[in-house]
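Engineer: This is the content of target.txt (compact mmCIF, C-alpha atoms):
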```txt
# COMPACT_ATOMS: atom_id res chain seq x y z
CA MET A 1 0.00 0.00 0.00
CA ARG A 2 2.83 2.37 0.86
CA CYS A 3 4.47 1.66 -2.49
CA CYS A 4 1.26 2.55 -4.39
CA VAL A 5 0.98 5.84 -2.50
CA ASP A 6 4.59 6.69 -3.35
CA ILE A 7 3.93 5.97 -7.05
CA ILE A 8 0.85 8.21 -6.98
CA LYS A 9 2.87 10.99 -5.35
CA PHE A 10 5.56 10.71 -8.00
CA ILE A 11 3.04 10.79 -10.87
CA LEU A 12 1.25 13.82 -9.42
CA PHE A 13 4.54 15.62 -8.81
CA PHE A 14 5.96 14.78 -12.26
CA VAL A 15 2.82 15.83 -14.18
CA ASN A 16 2.55 19.12 -12.32
CA LEU A 17 6.26 19.76 -12.80
CA ILE A 18 5.99 19.26 -16.58
CA ALA A 19 2.90 21.48 -16.72
CA PHE A 20 4.68 24.11 -14.61
CA LEU A 21 7.63 24.20 -17.02
CA ILE A 22 5.28 24.41 -20.04
CA PHE A 23 3.31 27.33 -18.62
CA LEU A 24 6.52 29.01 -17.53
CA GLY A 25 7.78 28.85 -21.13
CA LEU A 26 4.46 30.15 -22.46
CA ASP A 27 4.51 32.99 -19.96
CA ILE A 28 8.03 33.98 -20.97
CA GLY A 29 7.09 33.74 -24.66
CA SER A 30 4.03 35.95 -24.18
CA LEU A 31 6.13 38.51 -22.34
CA PHE A 32 8.70 38.44 -25.15
CA ILE A 33 5.98 39.01 -27.76
CA LEU A 34 4.63 41.93 -25.76
CA LEU A 35 8.05 43.58 -25.48
CA ARG A 36 9.67 42.53 -28.79
CA ALA A 37 6.74 41.94 -31.14
CA GLU A 38 8.70 43.04 -34.21
CA ASP A 39 11.03 40.04 -33.75
CA SER A 40 8.15 37.55 -33.53
CA PHE A 41 5.46 36.37 -35.91
CA VAL A 42 3.58 39.66 -35.41
CA GLY A 43 6.22 41.45 -37.44
CA GLN A 44 5.54 44.90 -36.01
CA PRO A 45 5.72 46.62 -32.62
CA ILE A 46 2.63 46.36 -30.42
CA GLU A 47 1.20 49.63 -29.19
CA TYR A 48 0.01 49.39 -25.61
CA SER A 49 -3.46 50.73 -26.28
CA LEU A 50 -6.97 49.37 -26.90
CA SER A 51 -8.22 52.33 -28.92
CA TYR A 52 -9.91 51.88 -32.31
CA ASP A 53 -7.08 53.72 -34.06
CA ASN A 54 -4.55 51.15 -32.88
CA ASP A 55 -4.02 48.43 -35.51
CA THR A 56 -2.31 46.19 -32.97
CA ALA A 57 -5.02 46.47 -30.30
CA VAL A 58 -6.13 42.89 -30.93
CA TYR A 59 -2.58 41.59 -30.46
CA PHE A 60 -2.20 43.63 -27.30
CA ALA A 61 -5.44 42.28 -25.83
CA LEU A 62 -4.60 38.69 -26.76
CA VAL A 63 -1.10 38.87 -25.31
CA VAL A 64 -2.33 40.42 -22.05
CA MET A 65 -5.02 37.74 -21.73
CA ALA A 66 -2.43 35.07 -22.44
CA LEU A 67 -0.15 36.47 -19.74
CA VAL A 68 -2.95 36.44 -17.18
CA VAL A 69 -4.12 32.92 -18.05
CA PHE A 70 -0.62 31.44 -18.20
CA SER A 71 0.37 33.10 -14.93
CA PHE A 72 -2.73 31.66 -13.23
CA PHE A 73 -1.96 28.14 -14.44
CA LEU A 74 1.69 28.65 -13.51
CA LEU A 75 0.65 29.32 -9.91
CA PHE A 76 -1.87 26.48 -10.03
CA THR A 77 0.68 23.88 -11.15
CA CYS A 78 3.19 25.26 -8.63
CA LEU A 79 0.71 24.51 -5.83
CA GLY A 80 0.32 20.93 -7.02
CA CYS A 81 4.04 20.37 -7.53
CA CYS A 82 5.28 21.95 -4.29
CA GLY A 83 2.37 20.63 -2.22
CA THR A 84 3.17 17.08 -3.28
CA ALA A 85 6.92 17.49 -2.77
CA PHE A 86 6.66 19.05 0.72
CA LYS A 87 3.50 17.18 1.82
CA SER A 88 1.76 20.47 2.52
CA SER A 89 -1.94 19.99 3.24
CA CYS A 90 -2.59 23.71 2.78
CA MET A 91 -1.08 23.86 -0.72
CA LEU A 92 -2.71 20.61 -1.77
CA GLY A 93 -6.04 21.80 -0.41
CA SER A 94 -5.84 24.97 -2.51
CA PHE A 95 -4.82 22.87 -5.51
CA ILE A 96 -7.83 20.59 -5.04
CA VAL A 97 -10.29 23.47 -4.70
CA ILE A 98 -9.03 25.23 -7.86
CA GLU A 99 -8.92 22.02 -9.86
CA PHE A 100 -12.40 21.05 -8.73
CA VAL A 101 -13.73 24.38 -10.05
CA LEU A 102 -11.86 23.94 -13.34
CA PHE A 103 -13.10 20.37 -13.67
CA GLY A 104 -16.70 21.46 -13.15
CA ALA A 105 -16.30 24.29 -15.68
CA SER A 106 -14.81 21.98 -18.33
CA VAL A 107 -17.53 19.37 -17.90
CA GLY A 108 -20.20 22.08 -18.06
CA ALA A 109 -18.67 23.53 -21.23
CA ILE A 110 -18.64 20.11 -22.92
CA LEU A 111 -22.28 19.50 -22.00
CA PHE A 112 -23.23 22.94 -23.34
CA LEU A 113 -21.45 22.29 -26.66
CA HIS A 114 -23.22 18.97 -27.08
CA TYR A 115 -26.51 20.69 -26.35
CA GLN A 116 -25.87 23.34 -29.01
CA TYR A 117 -24.33 21.09 -31.73
CA SER A 118 -24.91 17.53 -32.79
CA GLN A 119 -21.18 17.12 -33.50
CA PRO A 120 -19.56 20.06 -31.72
CA VAL A 121 -15.91 19.59 -32.63
CA PRO A 122 -16.20 19.15 -36.45
CA GLU A 123 -18.85 21.83 -36.82
CA ILE A 124 -17.01 24.44 -34.74
CA LEU A 125 -13.69 23.70 -36.46
CA GLU A 126 -15.23 24.08 -39.89
CA GLU A 127 -16.86 27.40 -38.97
CA GLU A 128 -13.74 28.87 -37.41
CA MET A 129 -11.37 27.69 -40.15
CA SER A 130 -13.60 29.11 -42.86
CA ARG A 131 -13.82 32.40 -40.98
CA SER A 132 -10.06 32.62 -40.42
CA ILE A 133 -9.32 32.19 -44.13
CA GLU A 134 -10.95 35.57 -44.78
CA ALA A 135 -8.15 37.19 -42.73
CA TYR A 136 -5.34 35.32 -44.53
CA TYR A 137 -4.16 38.45 -46.35
CA GLY A 138 -5.66 40.93 -43.95
CA HIS A 139 -4.04 42.76 -41.05
CA SER A 140 -3.45 39.56 -39.08
CA GLU A 141 -0.03 38.12 -39.87
CA PHE A 142 -0.62 35.45 -37.26
CA VAL A 143 -3.46 33.87 -39.30
CA LYS A 144 -1.26 33.70 -42.41
CA TYR A 145 1.60 32.20 -40.43
CA LEU A 146 -0.73 29.64 -38.84
CA TRP A 147 -2.31 28.55 -42.12
CA ASP A 148 1.06 28.24 -43.84
CA TRP A 149 2.20 26.01 -40.99
CA ILE A 150 -0.98 23.88 -41.14
CA THR A 151 -0.84 23.33 -44.90
CA ALA A 152 2.88 22.46 -44.82
CA THR A 153 2.67 20.19 -41.75
CA ALA A 154 -0.68 18.44 -42.24
CA MET A 155 -0.43 18.50 -46.07
CA CYS A 156 -4.04 19.61 -46.45
CA CYS A 157 -5.74 22.55 -48.12
CA GLY A 158 -9.51 21.93 -48.07
CA VAL A 159 -11.93 22.99 -45.36
CA GLY A 160 -15.06 20.97 -44.75
CA ARG A 161 -17.65 20.49 -47.48
CA GLU A 162 -16.34 23.39 -49.60
CA GLY A 163 -12.89 21.90 -50.03
CA ILE A 164 -10.26 24.14 -51.65
CA SER A 165 -12.93 26.45 -53.03
CA VAL A 166 -13.07 28.10 -49.63
CA TRP A 167 -9.87 30.00 -50.55
CA LYS A 168 -11.81 32.25 -52.89
CA ASN A 169 -12.83 34.19 -49.75
CA ALA A 170 -9.19 34.87 -48.87
CA ASP A 171 -8.67 37.58 -51.52
CA LEU A 172 -5.34 36.08 -52.54
CA LYS A 173 -2.77 38.15 -54.41
CA ASP A 174 -1.88 37.89 -58.09
CA GLY A 175 -5.04 35.95 -58.91
CA TYR A 176 -4.03 32.91 -56.86
CA LYS A 177 -6.75 30.34 -56.27
CA VAL A 178 -4.86 28.66 -53.41
CA PRO A 179 -1.82 29.79 -51.44
CA ARG A 180 1.67 28.53 -52.18
CA GLY A 181 1.62 26.23 -49.16
CA CYS A 182 -1.08 24.05 -50.75
CA CYS A 183 1.15 22.91 -53.59
CA ARG A 184 2.75 19.46 -53.62
CA ASP A 185 6.54 19.44 -53.70
CA ASP A 186 7.73 22.14 -56.12
CA HIS A 187 4.66 22.29 -58.35
CA GLU A 188 3.10 25.61 -59.27
CA CYS A 189 -0.52 25.06 -58.32
CA MET A 190 -1.59 28.55 -57.34
CA TYR A 191 -3.41 29.22 -60.65
CA GLU A 192 -4.70 25.78 -61.60
CA PRO A 193 -4.99 23.54 -58.54
CA ASP A 194 -5.91 19.87 -59.06
CA ARG A 195 -5.48 16.57 -57.26
CA TYR A 196 -2.05 15.97 -58.80
CA ASN A 197 -0.32 19.18 -57.78
CA THR A 198 -2.39 20.31 -54.76
CA TYR A 199 -3.12 18.90 -51.31
CA MET A 200 -6.87 18.23 -51.58
CA GLU A 201 -7.25 16.66 -48.13
CA ASP A 202 -9.67 18.17 -45.64
CA CYS A 203 -7.89 20.01 -42.81
CA VAL A 204 -10.94 19.69 -40.56
CA SER A 205 -10.98 15.88 -40.63
CA ILE A 206 -7.24 15.83 -39.88
CA ALA A 207 -7.54 18.23 -36.94
CA VAL A 208 -10.68 16.69 -35.36
CA PRO A 209 -8.97 13.71 -33.59
CA PHE A 210 -6.33 15.95 -32.00
CA VAL A 211 -8.87 18.56 -30.88
CA GLN A 212 -11.18 15.89 -29.47
CA ALA A 213 -8.28 14.32 -27.59
CA VAL A 214 -7.54 17.68 -25.99
CA ILE A 215 -11.15 18.64 -25.22
CA TYR A 216 -12.17 15.27 -23.75
CA GLY A 217 -8.77 14.41 -22.35
CA ILE A 218 -8.40 17.48 -20.13
CA PRO A 219 -11.40 16.62 -17.87
CA VAL A 220 -10.17 13.03 -17.56
CA ILE A 221 -6.71 14.21 -16.54
CA MET A 222 -8.26 16.66 -14.06
CA PHE A 223 -10.37 13.90 -12.52
CA LEU A 224 -7.38 11.58 -12.11
CA SER A 225 -5.36 14.45 -10.68
CA LEU A 226 -8.13 15.14 -8.15
CA VAL A 227 -8.15 11.49 -7.07
CA PHE A 228 -4.36 11.43 -6.75
CA ALA A 229 -4.40 14.70 -4.78
CA PHE A 230 -6.97 13.28 -2.33
CA VAL A 231 -4.82 10.18 -1.85
CA VAL A 232 -1.72 12.30 -1.17
CA VAL A 233 -3.57 14.52 1.33
CA ASN A 234 -4.95 11.49 3.17
CA SER A 235 -1.52 9.85 3.35
CA SER A 236 0.03 13.11 4.58
CA LYS A 237 -2.53 13.34 7.40
CA ARG A 238 -1.86 9.76 8.43
CA TYR A 239 1.88 10.40 8.35
CA SER A 240 1.52 13.47 10.57
CA GLN A 241 -0.68 11.57 13.02
CA ASP A 242 1.84 8.74 13.24
CA ARG A 243 4.66 11.22 13.85
CA ARG A 244 2.60 12.91 16.56
CA LYS A 245 2.03 9.59 18.30
CA GLU A 246 5.74 8.76 18.12
CA THR A 247 6.70 12.03 19.79
CA ARG A 248 4.34 11.55 22.79
CA PRO A 249 6.26 11.07 26.10
CA TYR A 250 3.70 8.60 27.49
CA HIS A 251 2.88 5.34 25.80
CA THR A 252 1.09 2.19 26.78
CA HIS A 253 0.58 -1.08 25.02
CA SER A 254 -1.53 -2.84 27.64
CA GLN A 255 -5.01 -4.00 26.73
CA TYR A 256 -6.16 -2.97 30.24
CA SER A 257 -5.10 0.63 29.66
CA ILE A 258 -7.06 1.42 26.50
CA GLY A 259 -8.17 5.02 26.70
CA ALA A 260 -5.81 5.90 29.53
CA GLU A 261 -3.68 8.18 27.32
CA ASP A 262 -6.64 10.37 26.45
CA GLU A 263 -8.39 10.40 29.85
CA PHE A 264 -5.54 10.32 32.38
CA GLN A 265 -3.80 13.62 31.65
CA HIS A 266 -2.19 16.05 34.11
CA THR A 267 -1.99 19.77 33.57
CA HIS A 268 1.34 21.59 33.34
CA GLY A 269 0.76 23.34 36.68
CA GLU A 270 0.59 20.13 38.74
CA THR A 271 3.66 18.54 40.29
CA SER A 272 4.98 15.54 38.40
CA TYR A 273 6.11 12.55 40.48
CA PRO A 274 8.86 10.28 39.16
CA THR A 275 7.92 6.67 38.75
CA ALA A 276 9.83 3.53 38.01
CA PRO A 277 9.79 2.27 34.39
CA TYR A 278 7.11 -0.26 33.58
CA GLU A 279 6.03 -2.22 30.58
CA SER A 280 2.26 -1.99 31.00
CA SER A 281 1.14 1.01 32.96
CA PRO A 282 -2.02 0.50 35.12
CA TYR A 283 -4.91 2.90 34.96
CA ASN A 284 -6.10 4.05 38.40
CA PRO A 285 -8.88 6.66 38.32
CA GLN A 286 -8.67 7.11 42.16
CA PHE A 287 -5.02 8.14 41.95
CA ASP A 288 -5.56 11.77 42.92
CA GLN A 289 -7.85 10.86 45.87
CA GLU A 290 -5.42 8.29 47.24
CA LEU A 291 -2.56 10.73 46.84
CA ARG A 292 -4.39 13.33 48.97
CA SER A 293 -5.22 10.73 51.67
CA ILE A 294 -1.57 9.68 51.88
CA SER A 295 -0.38 13.27 52.13
CA ASP A 296 -2.84 13.81 55.09
CA TYR A 297 -1.54 10.81 57.04
CA PRO A 298 -0.02 11.89 60.44
CA THR A 299 3.74 11.63 60.84
CA GLY A 300 6.11 12.16 63.77
CA ASN A 301 6.20 10.74 67.33
CA ILE A 302 2.46 11.03 67.96
CA PRO A 303 0.93 7.54 67.60
CA PRO A 304 -2.60 6.99 66.33
CA PRO A 305 -5.33 7.14 69.08
CA GLN A 306 -6.75 4.15 70.99
CA GLN A 307 -3.49 2.20 71.04
CA ASP A 308 -1.68 0.76 74.10
CA TYR A 309 2.09 0.79 73.88
CA THR A 310 2.79 0.14 77.63
CA SER A 311 3.10 -3.64 77.28
CA PRO A 312 6.43 -4.96 75.99
CA LEU A 313 6.60 -5.99 72.38
CA LEU A 314 8.34 -9.30 73.36
CA HIS A 315 7.72 -11.50 76.42
CA GLN A 316 11.45 -12.05 76.71
CA PRO A 317 14.35 -9.84 75.63
CA PRO A 318 16.44 -11.10 72.70
CA PRO A 319 19.70 -12.97 73.43
CA SER A 320 22.88 -11.01 73.96
CA TYR A 321 25.87 -11.02 71.68
CA ASN A 322 27.85 -13.45 73.88
CA GLU A 323 25.00 -15.94 73.91
CA VAL A 324 24.72 -15.80 70.21
CA VAL A 325 28.48 -16.39 69.80
CA ARG A 326 28.49 -19.17 72.38
CA TYR A 327 25.71 -21.20 70.82
CA SER A 328 26.49 -20.44 67.19
CA GLY A 329 28.52 -23.67 66.79
CA GLU A 330 25.78 -26.00 68.01
CA PRO A 331 23.82 -27.77 65.27
CA ARG A 332 20.50 -27.23 66.93
CA MET A 333 19.92 -24.28 69.15
CA ALA A 334 16.57 -23.85 70.71
CA TYR A 335 15.59 -20.54 72.04
CA LYS A 336 13.65 -20.84 75.23
CA ARG A 337 11.22 -18.15 76.08
```
Would you write out, as structure tokens, the structure that this file holds?
Structural biologist:
Amino acid sequence: MRCCVDIIKFILFFVNLIAFLIFLGLDIGSLFILLRAEDSFVGQPIEYSLSYDNDTAVYFALVVMALVVFSFFLLFTCLGCCGTAFKSSCMLGSFIVIEFVLFGASVGAILFLHYQYSQPVPEILEEEMSRSIEAYYGHSEFVKYLWDWITATAMCCGVGREGISVWKNADLKDGYKVPRGCCRDDHECMYEPDRYNTYMEDCVSIAVPFVQAVIYGIPVIMFLSLVFAFVVVNSSKRYSQDRRKETRPYHTHSQYSIGAEDEFQHTHGETSYPTAPYESSPYNPQFDQELRSISDYPTGNIPPPQQDYTSPLLHQPPPSYNEVVRYSGEPRMAYKR
């Protein structure tokens, strides 16, 4: 059982550590984009303003939101990682509360999507991909960079039921029907795309399994993480209780003294009396009363009342030293009274 708990602790610590490093990298990347946007995919400096005249207001808002979200998850994963490593019930408790809220929100969002759409992931992906193509040659350099990466990596160019004809909404330059990234190898397919020189595969069908794995996998991972966190907290409480019992100065292992540790307690103000070591300590509830009766017992030369000490204690005095020496050699010595 102890080995299973240690494995659970390691898994919880390792997963939170990896997530902490990932969010730390994302946080640093978002901060870099905010400060040095001209050296990133944005390609131009970001003006720190949300006014309508600012062309980079959308980038500024997205980067700020990303910084806030990544910083929150950075703190969240730090609680899980450090709480598991240091066996801190406070940190693990905060981690459990936050993760429980996130787990409920993710499950609620999935139920809402299934209520709104019959197949939420394919339908939403098709809508958003078709909408993003309209901004391929617009002000958003990020959309162009993302689509070029998708077409080159996934080797696809179509979107949903429309296929490659969806690119007519992109307002491509020089009369292109598809972008350069849709062409196979070194073929020139921008003017006359066909199945031989153009990637005709549907990007939505390729992206659906990965998106579904993320959307449905996150709640499962959260649930397992909650179970592991509860196991770690319970084991930490048991460990602290065992350590507290080991540090107690008074112990008993006798079956006749069950409950004596909790009931027979002295306050710090009372005088402690040293006792001899014992294996099984007895439990005497009349200890305090007997102690007071012993302390009230009369001492000194005054004997108790109604006693006669005038008669001799022996009818005959004991033998003298010489008599003892004289008769010590005899085998049988009778003492006559």
Engineer: Could the centre and edge lengths of an axis-aligned box, enclosing all atoms of stretch 95-113 of chain A in the file with 6 Å extra on each side, be given in Å to one decimal as JSON?
Structural biologist:
```
{"center_x": -14.0, "center_y": 22.3, "center_z": -15.7, "size_x": 30.4, "size_y": 17.9, "size_z": 34.0}
```
Engineer: Which one is closest to A:Ala154: A:Cys203, A:Cys183, A:Ile18, A:Cys90? Count all atoms listed in the file.
Structural biologist: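 Answer, going by the shortest atom-to-atom distance: A:Cys203.
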Engineer: Could you tell me how far atom CA of A:Leu35 lies from atom CA of A:Lys144, in Å and to one decimal?
Structural biologist: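 For atom CA of A:Leu35 relative to atom CA of A:Lys144, the distance reads 21.7 Å.
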Engineer: Under the rule that only C-alpha atoms are counted, which of A:Leu12, A:Glu126, A:Tyr321, A:Ser94 is the nearest residue to A:Ser205?
Structural biologist: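 Closest residue, counting only C-alpha atoms: A:Glu126.
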Engineer: Determine, counting only C-alpha atoms, which protein, DNA and RNA residues have an atom within 10 Å of an atom of stretch 208-225 of chain A; residues of the same chain fewer than 2 positions away are not included. Present the result as a ChimeraX atom specification.
Structural biologist: /A:8,11-12,15-16,80,95-96,99-100,102-107,109-110,120-123,125-126,203-206,227-231
Engineer: Which polymer residues have any atom within 10 Å of an atom of A:Thr151, counting only C-alpha atoms, with same-chain residues fewer than 5 positions away left out, as a PDB file with C-alpha atoms, in the coordinates of the input?
Structural biologist:
```
ATOM      1  CA  LEU A 146      -0.730  29.640 -38.840  1.00  0.00           C
ATOM      2  CA  CYS A 156      -4.040  19.610 -46.450  1.00  0.00           C
ATOM      3  CA  CYS A 157      -5.740  22.550 -48.120  1.00  0.00           C
ATOM      4  CA  GLY A 158      -9.510  21.930 -48.070  1.00  0.00           C
ATOM      5  CA  PRO A 179      -1.820  29.790 -51.440  1.00  0.00           C
ATOM      6  CA  ARG A 180       1.670  28.530 -52.180  1.00  0.00           C
ATOM      7  CA  GLY A 181       1.620  26.230 -49.160  1.00  0.00           C
ATOM      8  CA  CYS A 182      -1.080  24.050 -50.750  1.00  0.00           C
ATOM      9  CA  CYS A 183       1.150  22.910 -53.590  1.00  0.00           C
ATOM     10  CA  TYR A 199      -3.120  18.900 -51.310  1.00  0.00           C
ATOM     11  CA  GLU A 201      -7.250  16.660 -48.130  1.00  0.00           C
ATOM     12  CA  CYS A 203      -7.890  20.010 -42.810  1.00  0.00           C
TER      13      CYS A 203
END
```
Engineer: Which residue, A:Val325, A:Gly163, A:Leu34, A:Val233, has the smallest gap to A:Ser49 when you use all atoms listed in the file?
Structural biologist: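 Among A:Val325, A:Gly163, A:Leu34, A:Val233, it is A:Leu34 that comes nearest to A:Ser49.
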Engineer: Restricting the calculation to all atoms listed in the file, which member of A:Gly160, A:Asp53, A:Asp6, A:Tyr191 is positioned closest to A:Ile124?
Structural biologist: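 The shortest atom-to-atom distance to A:Ile124 comes from A:Gly160.
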Engineer: I'd like the interatomic distance between atom CA of A:Asp39 and atom CA of A:Thr153, to a tenth of an Å.
Structural biologist: 23.0 Å
Engineer: If you measure from atom CA of A:Glu162 to atom CA of A:Trp149, what distance in Å do you get, rounded to one decimal?
Structural biologist: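 Those two atoms sit 20.6 Å apart.
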Engineer: Nearest to A:Tyr137 among A:Ala152, A:Phe112, A:Asp174, A:Lys237, with distances taken over only C-alpha atoms: which residue is it?
Structural biologist: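 Looking only at the distances to A:Tyr137, the closest residue turns out to be A:Asp174.
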Engineer: Write out as a ChimeraX atom specification each polymer residue whose atoms come within 10 Å of stretch 54-64 of chain A, counting only C-alpha atoms; drop sequence neighbours fewer than 6 positions from it.
Structural biologist: /A:27,29-34,37,42,44-48,70,139-140,142
Engineer: Using all atoms listed in the file, determine which residues lie at most 7 Å from A:Ile133, disregarding the query and same-chain residues fewer than 5 positions distant; provide the list as an mmCIF file with C-alpha atoms, in the frame of the given file.
Structural biologist:
```
data_model
loop_
_atom_site.group_PDB
_atom_site.id
_atom_site.type_symbol
_atom_site.label_atom_id
_atom_site.label_comp_id
_atom_site.auth_asym_id
_atom_site.auth_seq_id
_atom_site.Cartn_x
_atom_site.Cartn_y
_atom_site.Cartn_z
ATOM 1 C CA TRP A 167 -9.870 30.000 -50.550
ATOM 2 C CA ASN A 169 -12.830 34.190 -49.750
ATOM 3 C CA ALA A 170 -9.190 34.870 -48.870
#
```
